[in-house]
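Engineer: What follows is my_file.cif, made up of mmCIF, C-alpha atoms and all ligand atoms:
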data_final
#
loop_
_atom_site.label_atom_id
_atom_site.label_comp_id
_atom_site.auth_asym_id
_atom_site.auth_seq_id
_atom_site.Cartn_x
_atom_site.Cartn_y
_atom_site.Cartn_z
CA MET S 221 71.60 61.29 -20.71
CA ASN S 222 68.43 60.60 -18.70
CA VAL S 223 65.24 60.93 -20.74
CA LEU S 224 61.84 61.39 -19.12
CA VAL S 225 59.28 59.62 -21.31
CA ILE S 226 55.74 60.96 -20.98
CA ASN S 227 52.55 59.37 -22.31
CA CYS S 228 49.77 61.79 -21.48
CA GLY S 229 46.05 60.97 -21.68
CA SER S 230 43.12 63.21 -20.81
CA SER S 231 43.10 62.19 -17.14
CA SER S 232 46.25 60.11 -16.80
CA LEU S 233 49.98 60.51 -17.30
CA LYS S 234 52.35 57.55 -17.58
CA PHE S 235 56.06 58.19 -17.19
CA GLN S 236 59.42 56.43 -17.23
CA LEU S 237 62.83 57.89 -16.53
CA ILE S 238 65.32 56.06 -18.74
CA ASN S 239 69.09 56.32 -18.93
CA ALA S 240 69.16 56.54 -22.70
CA GLU S 241 72.78 55.41 -23.01
CA THR S 242 72.54 52.24 -20.88
CA GLU S 243 68.79 51.88 -21.64
CA ASP S 244 68.13 51.18 -17.94
CA VAL S 245 64.75 52.23 -16.53
CA LEU S 246 65.52 54.31 -13.44
CA ALA S 247 61.92 54.79 -12.30
CA LYS S 248 58.40 54.57 -13.67
CA GLY S 249 54.83 55.24 -12.70
CA ILE S 250 51.48 56.77 -13.49
CA CYS S 251 49.34 59.70 -12.37
CA GLU S 252 45.66 58.82 -12.57
CA ARG S 253 42.34 60.64 -12.18
CA ILE S 254 43.93 64.02 -12.93
CA GLY S 255 41.30 66.74 -12.53
CA ILE S 256 39.07 64.41 -10.47
CA ASP S 257 40.92 63.60 -7.24
CA GLY S 258 44.33 62.25 -8.25
CA SER S 259 46.90 59.62 -7.37
CA LEU S 260 50.54 58.95 -8.14
CA THR S 261 51.91 55.43 -8.42
CA TYR S 262 55.72 55.54 -8.33
CA GLN S 263 58.31 52.79 -8.52
CA PRO S 264 62.08 53.34 -8.52
CA ALA S 265 64.15 50.54 -10.14
CA GLY S 266 64.53 47.71 -7.65
CA GLY S 267 62.27 49.50 -5.19
CA GLU S 268 58.74 49.13 -4.01
CA LYS S 269 55.72 50.39 -5.93
CA VAL S 270 53.91 53.04 -3.85
CA LYS S 271 50.53 54.61 -4.61
CA THR S 272 49.72 57.96 -3.00
CA SER S 273 46.52 60.01 -3.23
CA LEU S 274 47.42 63.58 -4.19
CA ASP S 275 45.33 66.55 -5.17
CA MET S 276 46.09 67.18 -8.86
CA PRO S 277 43.59 69.54 -10.47
CA THR S 278 45.63 69.76 -13.70
CA HIS S 279 48.50 68.00 -15.50
CA THR S 280 50.90 70.70 -14.26
CA GLU S 281 50.45 69.52 -10.65
CA ALA S 282 50.76 65.91 -11.83
CA ILE S 283 54.13 66.63 -13.52
CA GLN S 284 55.27 68.52 -10.42
CA PHE S 285 54.50 65.44 -8.28
CA VAL S 286 56.41 63.24 -10.75
CA ILE S 287 59.44 65.56 -10.53
CA ASP S 288 59.18 65.64 -6.72
CA ALA S 289 59.12 61.84 -6.64
CA LEU S 290 62.07 61.49 -9.04
CA THR S 291 64.16 63.96 -7.01
CA ASN S 292 63.00 62.86 -3.54
CA ALA S 293 65.96 62.51 -1.16
CA GLU S 294 64.99 58.98 -0.07
CA THR S 295 63.15 57.28 -2.92
CA GLY S 296 64.21 59.52 -5.81
CA VAL S 297 66.62 58.42 -8.53
CA VAL S 298 68.18 61.78 -9.49
CA LYS S 299 69.45 64.67 -7.35
CA SER S 300 67.86 67.47 -9.33
CA LEU S 301 66.08 68.36 -12.56
CA ASP S 302 69.49 69.06 -14.09
CA GLU S 303 69.94 65.30 -14.38
CA ILE S 304 67.02 65.04 -16.78
CA GLY S 305 68.49 65.88 -20.18
CA ALA S 306 65.34 65.73 -22.29
CA VAL S 307 61.67 64.81 -22.28
CA GLY S 308 60.21 62.49 -24.94
CA HIS S 309 56.47 62.80 -25.46
CA ARG S 310 54.30 60.15 -27.04
CA MET S 311 52.11 62.02 -29.53
CA VAL S 312 49.21 60.17 -31.14
CA HIS S 313 48.29 61.88 -34.41
CA GLY S 314 50.73 63.80 -36.56
CA GLY S 315 48.52 63.67 -39.67
CA GLU S 316 50.62 64.14 -42.82
CA LYS S 317 52.68 66.81 -41.13
CA PHE S 318 55.06 64.52 -39.26
CA ALA S 319 56.88 61.61 -40.88
CA ASN S 320 59.56 61.65 -38.14
CA SER S 321 60.05 62.57 -34.51
CA VAL S 322 60.74 66.26 -33.91
CA ILE S 323 62.10 68.68 -31.33
CA ILE S 324 58.99 70.44 -30.03
CA THR S 325 58.83 74.14 -30.93
CA GLU S 326 55.91 76.58 -30.96
CA GLU S 327 55.43 75.79 -34.70
CA VAL S 328 55.32 72.05 -33.95
CA LYS S 329 52.70 72.60 -31.24
CA LYS S 330 50.60 74.58 -33.71
CA ALA S 331 50.90 71.83 -36.31
CA VAL S 332 49.86 69.20 -33.74
CA GLU S 333 46.90 71.36 -32.78
CA GLU S 334 45.86 71.44 -36.44
CA CYS S 335 45.61 67.62 -36.28
CA ASN S 336 43.29 67.79 -33.24
CA ASP S 337 40.13 66.95 -35.15
CA LEU S 338 41.77 63.71 -36.36
CA ALA S 339 42.32 62.59 -32.74
CA PRO S 340 40.07 64.73 -30.56
CA LEU S 341 40.58 62.63 -27.42
CA HIS S 342 44.34 62.13 -27.69
CA ASN S 343 46.06 65.12 -29.32
CA PRO S 344 44.76 67.82 -26.94
CA ALA S 345 45.82 65.64 -23.98
CA ASN S 346 49.30 65.16 -25.51
CA LEU S 347 49.67 68.93 -25.87
CA ILE S 348 48.55 69.53 -22.29
CA GLY S 349 51.39 67.20 -21.21
CA VAL S 350 53.91 69.11 -23.34
CA ASN S 351 52.78 72.49 -21.96
CA ALA S 352 52.85 71.25 -18.36
CA CYS S 353 56.41 69.93 -18.80
CA GLN S 354 57.57 73.12 -20.54
CA LYS S 355 56.19 75.20 -17.66
CA LEU S 356 58.19 73.27 -15.07
CA MET S 357 61.28 72.51 -17.21
CA PRO S 358 61.59 75.54 -19.48
CA ASN S 359 65.20 74.84 -20.43
CA THR S 360 64.86 71.10 -21.10
CA PRO S 361 64.47 70.04 -24.75
CA MET S 362 61.20 68.26 -25.55
CA VAL S 363 60.78 65.74 -28.37
CA GLY S 364 57.52 64.55 -29.93
CA VAL S 365 57.33 60.93 -31.14
CA PHE S 366 54.22 60.26 -33.22
CA ASP S 367 52.20 57.03 -33.43
CA THR S 368 51.37 57.84 -37.04
CA ALA S 369 54.85 58.89 -38.26
CA PHE S 370 56.21 55.44 -39.13
CA HIS S 371 53.29 54.81 -41.52
CA GLN S 372 53.84 57.97 -43.56
CA THR S 373 55.80 55.79 -46.01
CA MET S 374 52.60 53.96 -47.05
CA PRO S 375 51.93 54.38 -50.78
CA GLU S 376 48.71 56.00 -52.00
CA LYS S 377 47.24 52.65 -53.04
CA ALA S 378 47.41 51.61 -49.37
CA PHE S 379 46.27 54.84 -47.75
CA LEU S 380 43.48 56.07 -50.06
CA TYR S 381 39.89 55.11 -49.25
CA GLY S 382 37.38 54.38 -52.00
CA LEU S 383 35.74 57.74 -51.38
CA PRO S 384 35.45 60.98 -53.38
CA TYR S 385 39.05 62.18 -53.78
CA ARG S 386 38.12 65.64 -52.59
CA TYR S 387 37.58 64.25 -49.04
CA TYR S 388 41.29 63.54 -49.04
CA GLU S 389 42.16 66.90 -50.60
CA ASP S 390 39.81 68.96 -48.44
CA TYR S 391 39.79 67.10 -45.10
CA LYS S 392 42.81 64.75 -45.29
CA VAL S 393 40.51 61.73 -44.97
CA ARG S 394 42.92 58.84 -45.59
CA ARG S 395 44.42 55.90 -43.74
CA TYR S 396 47.15 56.93 -41.27
CA GLY S 397 47.75 53.90 -39.04
CA PHE S 398 48.83 53.86 -35.39
CA HIS S 399 51.15 51.95 -33.03
CA GLY S 400 53.95 53.16 -35.34
CA THR S 401 56.52 53.37 -32.53
CA SER S 402 55.87 49.73 -31.67
CA HIS S 403 55.78 48.49 -35.28
CA SER S 404 59.07 50.26 -35.98
CA PHE S 405 60.75 48.95 -32.81
CA VAL S 406 59.61 45.35 -33.32
CA SER S 407 60.32 45.18 -37.07
CA LYS S 408 63.89 46.48 -36.51
CA ARG S 409 64.46 43.87 -33.84
CA ALA S 410 62.95 41.15 -36.07
CA ALA S 411 65.42 41.96 -38.86
CA GLU S 412 68.30 41.82 -36.37
CA LEU S 413 67.13 38.45 -35.06
CA ILE S 414 66.71 36.83 -38.48
CA GLY S 415 70.07 38.27 -39.55
CA LYS S 416 68.82 40.32 -42.52
CA PRO S 417 69.60 44.00 -43.12
CA TYR S 418 66.52 46.04 -42.11
CA ASP S 419 66.30 47.55 -45.58
CA GLN S 420 66.02 44.09 -47.16
CA ALA S 421 63.62 42.36 -44.74
CA LYS S 422 59.88 41.68 -45.10
CA THR S 423 58.19 41.56 -41.70
CA ILE S 424 54.59 41.42 -40.55
CA VAL S 425 54.19 42.78 -37.02
CA CYS S 426 51.05 41.74 -35.12
CA HIS S 427 50.66 44.27 -32.30
CA LEU S 428 47.85 42.59 -30.37
CA GLY S 429 46.78 44.42 -27.24
CA ASN S 430 43.70 46.25 -26.05
CA GLY S 431 44.05 48.15 -29.31
CA SER S 432 45.40 45.88 -32.04
CA SER S 433 46.95 46.42 -35.45
CA VAL S 434 48.98 44.53 -38.03
CA CYS S 435 51.70 46.20 -40.09
CA ALA S 436 53.58 45.16 -43.24
CA VAL S 437 57.16 46.42 -43.07
CA MET S 438 59.14 46.01 -46.28
CA ASN S 439 62.73 47.20 -46.75
CA GLY S 440 62.55 49.18 -43.50
CA LYS S 441 59.31 50.97 -44.39
CA SER S 442 55.69 50.56 -43.37
CA VAL S 443 53.87 49.73 -46.61
CA ASP S 444 50.47 48.96 -45.09
CA THR S 445 48.78 48.75 -41.71
CA SER S 446 45.34 47.78 -40.50
CA MET S 447 44.27 50.92 -38.61
CA GLY S 448 43.04 53.84 -40.68
CA LEU S 449 41.94 57.44 -40.25
CA THR S 450 41.32 56.46 -36.63
CA PRO S 451 42.26 53.45 -34.48
CA LEU S 452 38.79 51.95 -35.10
CA GLU S 453 39.62 50.29 -38.42
CA GLY S 454 41.14 46.87 -38.93
CA LEU S 455 41.25 44.00 -36.46
CA THR S 456 38.43 43.13 -34.10
CA MET S 457 39.76 44.55 -30.82
CA GLY S 458 38.97 44.51 -27.10
CA THR S 459 35.89 46.71 -27.41
CA ARG S 460 36.36 48.19 -30.92
CA SER S 461 34.62 46.65 -33.92
CA GLY S 462 37.43 46.97 -36.46
CA ASP S 463 36.35 46.56 -40.12
CA ILE S 464 32.60 46.37 -40.66
CA ASP S 465 30.24 46.98 -43.56
CA PRO S 466 29.67 50.76 -43.36
CA ALA S 467 26.00 50.19 -44.16
CA ILE S 468 25.61 48.68 -40.66
CA PHE S 469 25.74 52.28 -39.46
CA GLU S 470 22.39 53.17 -40.99
CA PHE S 471 20.82 49.77 -40.34
CA ILE S 472 21.51 49.78 -36.59
CA ALA S 473 20.82 53.51 -36.22
CA LYS S 474 17.29 52.88 -37.49
CA LYS S 475 16.70 49.67 -35.54
CA GLU S 476 17.99 51.05 -32.23
CA ASN S 477 17.12 54.70 -32.75
CA LEU S 478 20.71 55.84 -32.31
CA ASP S 479 22.37 59.04 -33.51
CA ILE S 480 25.99 59.23 -34.74
CA ASP S 481 27.40 59.63 -31.22
CA GLY S 482 25.39 56.62 -30.08
CA ILE S 483 26.67 54.47 -32.94
CA MET S 484 30.28 55.58 -32.35
CA GLU S 485 29.93 54.67 -28.68
CA VAL S 486 28.79 51.16 -29.66
CA LEU S 487 31.57 50.70 -32.23
CA ASN S 488 34.31 51.94 -29.88
CA LYS S 489 33.20 50.66 -26.49
CA GLU S 490 30.64 47.85 -26.82
CA SER S 491 31.93 45.87 -29.78
CA GLY S 492 35.01 43.74 -30.50
CA VAL S 493 35.56 40.59 -28.46
CA TYR S 494 33.62 42.21 -25.63
CA GLY S 495 30.55 42.50 -27.85
CA ILE S 496 30.91 39.06 -29.44
CA SER S 497 31.31 37.42 -26.01
CA LYS S 498 27.98 38.99 -24.97
CA GLY S 499 29.72 41.48 -22.70
CA LEU S 500 31.71 38.82 -20.84
CA SER S 501 35.04 40.65 -21.05
CA SER S 502 37.44 42.52 -23.30
CA ASP S 503 40.36 40.90 -21.47
CA PHE S 504 41.76 37.86 -23.25
CA ARG S 505 42.65 36.18 -19.96
CA ASP S 506 38.95 36.09 -19.04
CA LEU S 507 37.97 34.96 -22.54
CA CYS S 508 40.49 32.12 -22.57
CA ASP S 509 39.35 30.94 -19.11
CA ALA S 510 35.69 31.08 -20.14
CA ALA S 511 36.35 29.29 -23.44
CA ASP S 512 38.22 26.63 -21.48
CA GLU S 513 35.09 26.11 -19.39
CA GLY S 514 32.99 25.68 -22.53
CA ASN S 515 31.59 29.20 -22.99
CA LYS S 516 30.84 29.25 -26.73
CA TYR S 517 30.56 33.05 -26.97
CA ALA S 518 34.07 33.43 -25.55
CA GLU S 519 35.30 30.76 -27.99
CA ASN S 520 33.62 32.65 -30.86
CA ALA S 521 35.31 35.88 -29.79
CA LEU S 522 38.75 34.23 -29.79
CA ASP S 523 38.03 32.63 -33.18
CA VAL S 524 36.83 35.86 -34.81
CA PHE S 525 39.84 37.75 -33.44
CA SER S 526 42.41 35.15 -34.54
CA TYR S 527 40.83 34.53 -37.97
CA ARG S 528 40.98 38.22 -38.78
CA VAL S 529 44.64 38.46 -37.73
CA ALA S 530 45.37 35.49 -40.03
CA LYS S 531 43.49 37.18 -42.90
CA TYR S 532 45.54 40.36 -42.51
CA ILE S 533 48.74 38.29 -42.49
CA GLY S 534 47.60 36.74 -45.80
CA ALA S 535 46.81 40.15 -47.26
CA TYR S 536 50.15 41.63 -46.22
CA THR S 537 52.09 38.63 -47.50
CA ALA S 538 50.49 39.37 -50.88
CA ALA S 539 51.21 43.11 -50.53
CA MET S 540 54.93 42.38 -50.01
CA ASN S 541 55.07 39.37 -52.37
CA GLY S 542 56.35 37.27 -49.47
CA VAL S 543 57.31 37.51 -45.83
CA ASP S 544 60.48 36.63 -43.91
CA CYS S 545 59.23 37.03 -40.37
CA ILE S 546 55.92 37.27 -38.50
CA ALA S 547 56.32 38.88 -35.06
CA PHE S 548 53.76 38.79 -32.25
CA THR S 549 53.88 41.62 -29.72
CA ALA S 550 51.91 43.59 -27.04
CA GLY S 551 49.74 42.15 -24.23
CA ILE S 552 47.97 39.43 -26.22
CA GLY S 553 50.70 38.79 -28.79
CA GLU S 554 53.34 38.32 -26.10
CA ASN S 555 51.26 36.38 -23.59
CA ASP S 556 48.33 34.57 -25.17
CA HIS S 557 49.50 31.22 -26.55
CA ILE S 558 45.94 30.24 -27.50
CA VAL S 559 45.54 33.19 -29.86
CA ARG S 560 49.02 32.67 -31.34
CA ALA S 561 48.26 28.99 -31.97
CA LYS S 562 44.89 29.82 -33.56
CA VAL S 563 46.47 32.44 -35.85
CA CYS S 564 49.33 30.13 -36.89
CA SER S 565 46.88 27.28 -37.59
CA TYR S 566 45.93 29.19 -40.79
CA LEU S 567 49.50 29.76 -41.97
CA GLY S 568 50.64 26.30 -43.07
CA TYR S 569 50.40 27.40 -46.73
CA LEU S 570 53.32 29.78 -46.08
CA GLY S 571 55.53 26.82 -45.25
CA ILE S 572 55.48 27.71 -41.58
CA GLU S 573 56.43 24.95 -39.19
CA PHE S 574 55.31 26.00 -35.75
CA ASP S 575 56.58 24.62 -32.42
CA LYS S 576 53.24 24.13 -30.61
CA GLU S 577 54.78 22.88 -27.37
CA LEU S 578 57.18 25.78 -27.10
CA ASN S 579 54.35 28.19 -27.92
CA ASP S 580 52.25 26.79 -25.07
CA SER S 581 55.02 27.27 -22.54
CA VAL S 582 56.42 30.74 -23.28
CA ARG S 583 55.15 34.23 -22.65
CA GLY S 584 56.48 37.75 -22.47
CA LYS S 585 59.96 37.03 -23.78
CA GLU S 586 61.87 37.15 -27.04
CA VAL S 587 61.67 33.71 -28.59
CA THR S 588 61.46 31.98 -32.00
CA LEU S 589 58.30 29.87 -32.26
CA SER S 590 58.95 28.38 -35.70
CA LEU S 591 61.08 25.30 -36.21
CA PRO S 592 64.50 25.56 -37.93
CA GLY S 593 63.15 24.27 -41.30
CA SER S 594 60.27 26.76 -41.39
CA LYS S 595 60.11 28.93 -44.54
CA VAL S 596 58.99 31.93 -42.45
CA THR S 597 60.30 32.76 -38.98
CA VAL S 598 57.59 33.27 -36.35
CA MET S 599 58.60 35.09 -33.19
CA ILE S 600 57.47 36.74 -30.02
CA ILE S 601 59.23 40.11 -29.72
CA PRO S 602 58.17 42.12 -26.67
CA THR S 603 57.50 45.72 -27.62
CA ASN S 604 58.95 48.62 -25.65
CA GLU S 605 57.43 51.90 -26.80
CA GLU S 606 58.99 53.87 -23.94
CA LEU S 607 62.49 52.71 -24.85
CA ALA S 608 61.81 53.51 -28.51
CA ILE S 609 60.73 57.04 -27.51
CA ALA S 610 63.86 57.44 -25.33
CA ARG S 611 66.06 56.33 -28.27
CA GLU S 612 64.39 58.76 -30.66
CA THR S 613 64.69 61.55 -28.10
CA LEU S 614 68.37 60.91 -27.48
CA ALA S 615 69.10 60.79 -31.22
CA LEU S 616 67.40 64.15 -31.81
CA VAL S 617 68.75 65.96 -28.78
CA LYS S 618 72.31 64.81 -29.43
P1 LIG S 701 48.19 45.92 -23.95
O1 LIG S 701 47.15 46.85 -24.51
O2 LIG S 701 49.33 45.67 -24.87
O3 LIG S 701 48.61 46.27 -22.55
O4 LIG S 701 47.45 44.49 -23.81
C1 LIG S 701 46.40 44.33 -22.91
C2 LIG S 701 45.71 43.01 -23.17
O5 LIG S 701 46.65 41.93 -23.14
C3 LIG S 701 44.73 42.68 -22.06
O6 LIG S 701 43.48 43.20 -22.35
C4 LIG S 701 44.70 41.18 -22.08
O7 LIG S 701 43.61 40.80 -22.89
C5 LIG S 701 45.99 40.74 -22.75
N1 LIG S 701 46.82 39.95 -21.84
C6 LIG S 701 47.70 40.40 -20.93
N2 LIG S 701 48.28 39.37 -20.27
C7 LIG S 701 47.75 38.24 -20.78
C8 LIG S 701 47.92 36.83 -20.54
N3 LIG S 701 48.77 36.40 -19.61
N4 LIG S 701 47.19 35.96 -21.27
C9 LIG S 701 46.34 36.40 -22.20
N5 LIG S 701 46.13 37.69 -22.48
C10 LIG S 701 46.81 38.60 -21.79
#
Show this structure as structure tokens.
Ligand code: AMP
Structural biologist:
Amino acid sequence: MNVLVINCGSSSLKFQLINAETEDVLAKGICERIGIDGSLTYQPAGGEKVKTSLDMPTHTEAIQFVIDALTNAETGVVKSLDEIGAVGHRMVHGGEKFANSVIITEEVKKAVEECNDLAPLHNPANLIGVNACQKLMPNTPMVGVFDTAFHQTMPEKAFLYGLPYRYYEDYKVRRYGFHGTSHSFVSKRAAELIGKPYDQAKTIVCHLGNGSSVCAVMNGKSVDTSMGLTPLEGLTMGTRSGDIDPAIFEFIAKKENLDIDGIMEVLNKESGVYGISKGLSSDFRDLCDAADEGNKYAENALDVFSYRVAKYIGAYTAAMNGVDCIAFTAGIGENDHIVRAKVCSYLGYLGIEFDKELNDSVRGKEVTLSLPGSKVTVMIIPTNEELAIARETLALVK
């Protein structure tokens, strides 16, 4: 069965058509600047990537252009819509309502809408994508795969904040965690690679990308993760602050005469490694190049980032009373050998023996970075959220 995987943002829509049995990607692409002017970038497997400007006032037109491209007589990969068996939607926030992927019904859409205030930028956009697909493919089953679902196994001691309990009861203020599809995918693969049953393995997944989070997966379940109510908590990220003293809020608001929106803008868009590097870049390629040329702010940014990853690894090793495997994934985790080396430089106490030379020479592929005698296995495991969504979709639709 071919599964169309959709990841819908407020003005963009990423897609992949995947043969869910063979797991081959048949075509992929992105619609951008929806509602502004619009463009479709489309690439069939083995074919050329082509970007076309197209008028797309809403997501419905964008989906129509995607379907036209997929079924195009020359560059398409299927003959008709009948060859798309299901659509899998990436959904960001399922609150406490969704601990698993679900077939999307009217009740599910209502429940997702009720989580809108937990993810005001993402959830409404996800629903727009679902509605647009349903309009054009009314008879095709749709599945929702939630970023938060995997972490619903976290115990109360991990998800409760030190706040009045009624905030949790009344407003569901608690830690939820994100990147669940990736943490689940990578931790399963890690268990396979170290040859332990998933329900007996202790893995720490470091999903390090533009947004970054660490997750402790014990016996097949997420027991803790670094993001919280929102994706702002935890690691220092590209432009997001991660954990800070909450009193900084008031201190900076007074100093800089900022209101809540102003502070949130700073914490989400002007902080992280971008802020520490004095606005040099949020991209780790730029930071590594600048650090190499002696830029001390870039070096600081890399150090702060890596040190915090190492601290979370320490915390999660304690949470699980040990760790079998530490897996690096996503843009930075898969590609940035400097960050991986910095993080692993703190982990000698775990009995980790790390192959520095191999680390320096590999990127973007599945590989073991620890030496055979190492007490903990360290790996790069490329994530594949689209494939994970296609697998979930196939399992539910079957
Ligand atoms: P993601 O959000 O997973 O797509 O990751 C995006 C981030 O990965 C970018 O902001 C870069 O900082 C980082 N990245 C991608 N490729 C490389 C590379 N070759 N070396 C270092 N960092 C990289």
Engineer: Residues of chain S that have any atom at most 7 Å from an atom of ligand LIG 701 (chain S): could you tabulate them with the shortest-distance atom pair and the distance in Å to one decimal, using all atoms listed in the file, ordered by chain and increasing number, as JSON lines?
Structural biologist:
{"residue": "S:Leu428", "atom": "CA", "partner": "S:LIG701", "partner_atom": "O2", "distance": 6.5}
{"residue": "S:Gly429", "atom": "CA", "partner": "S:LIG701", "partner_atom": "O4", "distance": 3.5}
{"residue": "S:Asn430", "atom": "CA", "partner": "S:LIG701", "partner_atom": "O1", "distance": 3.8}
{"residue": "S:Gly431", "atom": "CA", "partner": "S:LIG701", "partner_atom": "O1", "distance": 5.9}
{"residue": "S:Gly458", "atom": "CA", "partner": "S:LIG701", "partner_atom": "O6", "distance": 6.7}
{"residue": "S:Ser502", "atom": "CA", "partner": "S:LIG701", "partner_atom": "O6", "distance": 6.2}
{"residue": "S:Asp503", "atom": "CA", "partner": "S:LIG701", "partner_atom": "O7", "distance": 3.5}
{"residue": "S:Phe504", "atom": "CA", "partner": "S:LIG701", "partner_atom": "O7", "distance": 3.5}
{"residue": "S:Arg505", "atom": "CA", "partner": "S:LIG701", "partner_atom": "C9", "distance": 4.3}
{"residue": "S:Ala550", "atom": "CA", "partner": "S:LIG701", "partner_atom": "O2", "distance": 4.0}
{"residue": "S:Gly551", "atom": "CA", "partner": "S:LIG701", "partner_atom": "O5", "distance": 3.3}
{"residue": "S:Ile552", "atom": "CA", "partner": "S:LIG701", "partner_atom": "O5", "distance": 4.2}
{"residue": "S:Asn555", "atom": "CA", "partner": "S:LIG701", "partner_atom": "C8", "distance": 4.5}
{"residue": "S:Asp556", "atom": "CA", "partner": "S:LIG701", "partner_atom": "C9", "distance": 4.0}
Engineer: Write out as a PDB file with C-alpha atoms, keeping the file's coordinate frame which residues come within 10 Å of Thr261 of chain S when counting only C-alpha atoms, dropping same-chain ones fewer than 2 positions away.
Structural biologist:
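Output file part.pdb is given in full below:
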ATOM      1  CA  LYS S 234      52.350  57.550 -17.580  1.00  0.00           C
ATOM      2  CA  LYS S 248      58.400  54.570 -13.670  1.00  0.00           C
ATOM      3  CA  GLY S 249      54.830  55.240 -12.700  1.00  0.00           C
ATOM      4  CA  ILE S 250      51.480  56.770 -13.490  1.00  0.00           C
ATOM      5  CA  CYS S 251      49.340  59.700 -12.370  1.00  0.00           C
ATOM      6  CA  GLU S 252      45.660  58.820 -12.570  1.00  0.00           C
ATOM      7  CA  SER S 259      46.900  59.620  -7.370  1.00  0.00           C
ATOM      8  CA  GLN S 263      58.310  52.790  -8.520  1.00  0.00           C
ATOM      9  CA  LYS S 269      55.720  50.390  -5.930  1.00  0.00           C
ATOM     10  CA  VAL S 270      53.910  53.040  -3.850  1.00  0.00           C
ATOM     11  CA  LYS S 271      50.530  54.610  -4.610  1.00  0.00           C
ATOM     12  CA  THR S 272      49.720  57.960  -3.000  1.00  0.00           C
ATOM     13  CA  SER S 273      46.520  60.010  -3.230  1.00  0.00           C
ATOM     14  CA  VAL S 286      56.410  63.240 -10.750  1.00  0.00           C
ATOM     15  CA  ALA S 289      59.120  61.840  -6.640  1.00  0.00           C
TER      16      ALA S 289
END
Engineer: Could you name the residues that touch segment 451-456 of chain S at 7 Å or less, counting only C-alpha atoms, but leaving out those on the same chain fewer than 4 positions away, as a list in words?
Structural biologist: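 Near segment 451-456 of chain S, the qualifying residues are Phe398, Ser432, Ser433, Ser446, Met447, Arg460, Ser461, Gly462, Asp463, Asn488, Gly492, Val493, Phe525, Arg528 and Val529 of chain S.
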Engineer: Atom CA of Leu589 of chain S to atom CA of Asp575 of chain S: how many Å, to one decimal?
Structural biologist: 5.5 Å
Engineer: Find the residues near Leu290 of chain S: any atom within 12 Å, counting only C-alpha atoms, skip ones fewer than 3 places away on the same chain, and give them as a ChimeraX atom specification.
Structural biologist: /S:222,224,235-238,246-249,260-265,283-287,293-304
Engineer: As a list in words, please: the residues near segment 590-594 of chain S (cut-off 7 Å, all atoms listed in the file, same-chain neighbours under 2 positions excluded).
Structural biologist: Gly571, Ile572, Glu573, Phe574, Asp575, Thr588, Val596, Thr597 and Val598 of chain S
Engineer: Do you know which residues are at most 9 Å from Cys353 of chain S counting all atoms listed in the file, after dropping those on the same chain fewer than 6 positions away, and could you put them as a ChimeraX atom specification?
Structural biologist: /S:279-280,283-284,307,360,362
Engineer: Using all atoms listed in the file, which residue out of S:Gly514, S:Gly267, S:Gly364, S:Gly314 lies closest to Leu614 of chain S?
Structural biologist: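 Checking each candidate against Leu614 of chain S, we get S:Gly364 as the closest.
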Engineer: In Å, rounded to a single decimal, give me how far atom CA of Asn604 of chain S is from atom CA of Ser402 of chain S.
Structural biologist: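 About the pair atom CA of Ser402 of chain S and atom CA of Asn604 of chain S: they are 6.9 Å apart.
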Engineer: Using only C-alpha atoms, which of the listed residues (S:Ile533, S:Ala539, S:Ala421, S:Ala410) sits closest to Val434 of chain S?
Structural biologist: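 Result for the nearest residue to Val434 of chain S: S:Ile533.
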Engineer: What does the distance from atom CA of Arg560 of chain S to atom CA of Thr368 of chain S come to in Å, to one decimal?
Structural biologist: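 Going from atom CA of Arg560 of chain S over to atom CA of Thr368 of chain S, I get 25.9 Å.
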Engineer: Quick one: segment 415-422 of chain S with N, CA and C atoms, as a PDB file, keeping the file's coordinate frame?
Structural biologist:
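Saved the output as result30.pdb:
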ATOM      1  N   GLY S 415      68.765  38.063 -38.904  1.00  0.00           N
ATOM      2  CA  GLY S 415      70.070  38.270 -39.550  1.00  0.00           C
ATOM      3  C   GLY S 415      69.978  38.844 -40.949  1.00  0.00           C
ATOM      4  N   LYS S 416      68.936  39.666 -41.200  1.00  0.00           N
ATOM      5  CA  LYS S 416      68.820  40.320 -42.520  1.00  0.00           C
ATOM      6  C   LYS S 416      68.955  41.822 -42.328  1.00  0.00           C
ATOM      7  N   PRO S 417      69.592  42.543 -43.253  1.00  0.00           N
ATOM      8  CA  PRO S 417      69.600  44.000 -43.120  1.00  0.00           C
ATOM      9  C   PRO S 417      68.157  44.516 -43.104  1.00  0.00           C
ATOM     10  N   TYR S 418      67.894  45.524 -42.262  1.00  0.00           N
ATOM     11  CA  TYR S 418      66.520  46.040 -42.110  1.00  0.00           C
ATOM     12  C   TYR S 418      65.964  46.469 -43.461  1.00  0.00           C
ATOM     13  N   ASP S 419      66.812  47.039 -44.313  1.00  0.00           N
ATOM     14  CA  ASP S 419      66.300  47.550 -45.580  1.00  0.00           C
ATOM     15  C   ASP S 419      66.136  46.452 -46.650  1.00  0.00           C
ATOM     16  N   GLN S 420      66.270  45.188 -46.202  1.00  0.00           N
ATOM     17  CA  GLN S 420      66.020  44.090 -47.160  1.00  0.00           C
ATOM     18  C   GLN S 420      65.010  43.078 -46.602  1.00  0.00           C
ATOM     19  N   ALA S 421      64.482  43.345 -45.408  1.00  0.00           N
ATOM     20  CA  ALA S 421      63.620  42.360 -44.740  1.00  0.00           C
ATOM     21  C   ALA S 421      62.138  42.649 -44.979  1.00  0.00           C
ATOM     22  N   LYS S 422      61.342  41.552 -45.008  1.00  0.00           N
ATOM     23  CA  LYS S 422      59.880  41.680 -45.100  1.00  0.00           C
ATOM     24  C   LYS S 422      59.298  41.105 -43.808  1.00  0.00           C
TER      25      LYS S 422
END
